[in-house]
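So the structure is just underneath, and the comments pick up after that.
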Amino acid sequence: ILMMQWNNWTFNSDFILLGIFNHSPLHTFFFSLTLGIFFMALMGNSTMVFLIYLDAQLHTPMYILLSQLSLMDLMLICTTVPQMAFNFLSGNKSISMAGCGSQIFFYVSLLGAECFLLASMAYDRYVAICHPLRYSVLMSHKVCGLMAASSWILGSLDGIIEVAAALSFSYCGAREIPHFFCEVPALLTLSCSDTLTYEKLVFFCCVIMLIFPVAIIIASYTRVILAVIRMGSTESRHKAFATCSSHLVVVGMYYGAAMFIYMRPSSGRSPNQDKMVSAFYTILTPMLNPLIYSLRNKEVARAFMKVLGMDKATA
């Protein structure tokens with residue numbers, strides 16, 4: 001009997017994603033808006049990746065790291081929105097255990113990788129502004145490649161740990177996840193097992209994946225701000241602030257939302273709040289990142305115009 005119960009809990013039924021939208025006119029409008037944001041994020045991040053790949057003048061550490069951020073954002077939004085759109089349009093809200101595990105792995109891995117990548121980008125700006133003469137040594141292509149690779153590897157390790165632990169629990173009852181994708185805090189509310197140890201593990205991982213990179217970012221930008229204030233040239237000061245402010249906007253949006261979701265006690269959670277904040281950092285932020293970096297960046301604008309010029313010449 002116990003074996004049959006375990007099978008029922010683990011394999012027999014899929015999870016049900018309750019989603020974020022119903023089929024009322026207002027929610028249908030918001031769903032259409034979400035799809036529009038998805039396609040903008042898709043185009044914006046794809047454009048950033050291809051521009052940086054195609055333009056040799058953008059093959060510098062800062063832009064290589066930026067291309068990795070765009071690639072991560074591209075993968076992140078593709079992890080959640082297509083499944084949400086399929087569930088909404090088909091009326092079939094189920095997701096298999098394997099599908100749920102895949103979502104957990106990819107979004108946790110990508111979130112973790114972005115945490116370390118944003119810290120690497122802060123270090124890059126610190127070296128560029130505070131140690132410009134040693135920049136080619138301290139931020140060589142080899143160092144930049146190691147930073148990018150380490151971000152992907154550390155993020156993937158976090159994803160493996162969290163998905164293995166989350167899917168080791170028994171899930172029972174209605175198996176209805178009060179979310180639009182398989183996010184770990186929402187999934188744990190359905191567990192029949194004691195998840196206290198796992199919640200402590202998640203908190204510990206968050207300290208490493210969030211607090212440690214934030215400390216690097218704060219330290220880097222404290223030094224950067226002090227260096228910028230001492231700059232004699234107004235133009236140099238304006239250029240440095242423009243570059244760093246773009247990064248700080250992204251850092252604030254990203255880390256603020258991630259800490260809100262993962263570092264609060266489960267007793268104080270509200271499903272609706274969690275869904276709204278998750279939508280912000282998994283859907284809206286990937287759309288905003290390429291806009292924030294490209295609109296305020298003359299090099300990216302130049303590369304874009306160059307590609308358009310090449311297209312016209314070919315035509």
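Labels for the structure tokens follow display order: chains A, B, ..., residues from 1 in each chain, ligands from 1.
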message = Please list as a ChimeraX atom specification every residue within 8 Å of region 107-119 of chain A, counting only C-alpha atoms and excluding residues in the same chain fewer than 6 positions away.
response = /A:65,69,72-73,75-76,79,147-148,151-160,162,209-210,213-214,216-217,251,255
Counting only C-alpha atoms, the residue of A:Leu188, A:Val300, A:Ala258, A:Ile129 that sits nearest Arg237 (chain A) = A:Ile129
request  = List every residue of region 22-209 of chain A that DSSP, applied to the backbone, labels as strand (DSSP E), and write the result as a ChimeraX atom specification.
outcome  = /A:94-95,176-177
task = Quick one: everything within 8 Å of Val224 (chain A), counting only C-alpha atoms, minus sequence neighbours fewer than 6 positions away in the same chain. Send it as a ChimeraX atom specification.
result = /A:125-126,129-130
request  = Rank nothing, just name the residue among A:Ala56, A:Met62, A:Ala219, A:Cys172 nearest to Gly145 (chain A), using only C-alpha atoms.
outcome  =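 Of all the options, A:Met62 lies closest to Gly145 (chain A).
Each of A:Pro61, A:Gly36, A:Pro178, A:Gly44 was checked against Val81 (chain A) using only C-alpha atoms; the smallest atom-to-atom distance is that of A:Gly36.
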task = Point out the residue among A:Cys205, A:His238, A:Ser246, A:Phe88 with the least atom-to-atom distance to Ser32 (chain A), counting only C-alpha atoms.
result = A:Phe88
query = Between A:Phe304, A:Tyr221, A:Met84, A:Ile283, which is the closest to His247 (chain A) once you count only C-alpha atoms?
reply =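 Checking each of A:Phe304, A:Tyr221, A:Met84, A:Ile283 against His247 (chain A), counting only C-alpha atoms, the winner is A:Tyr221.
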inquiry  = Between A:Ser70, A:Ser270, A:Thr80, A:Ser120, which residue has the minimum interatomic distance to Ala186 (chain A), considering only C-alpha atoms?
reply    =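 Using only C-alpha atoms, the shortest distance to Ala186 (chain A) belongs to A:Ser270.
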inquiry  = For Thr47 (chain A), find every residue with an atom within 12 Å (counting only C-alpha atoms), except residues of its own chain fewer than 6 positions away, and show them as JSON, numbers by chain.
reply    = {"A": [39, 40, 41, 53, 54, 55, 66, 67, 70, 71, 74, 287, 290, 291, 294, 300, 301, 303, 304, 307]}
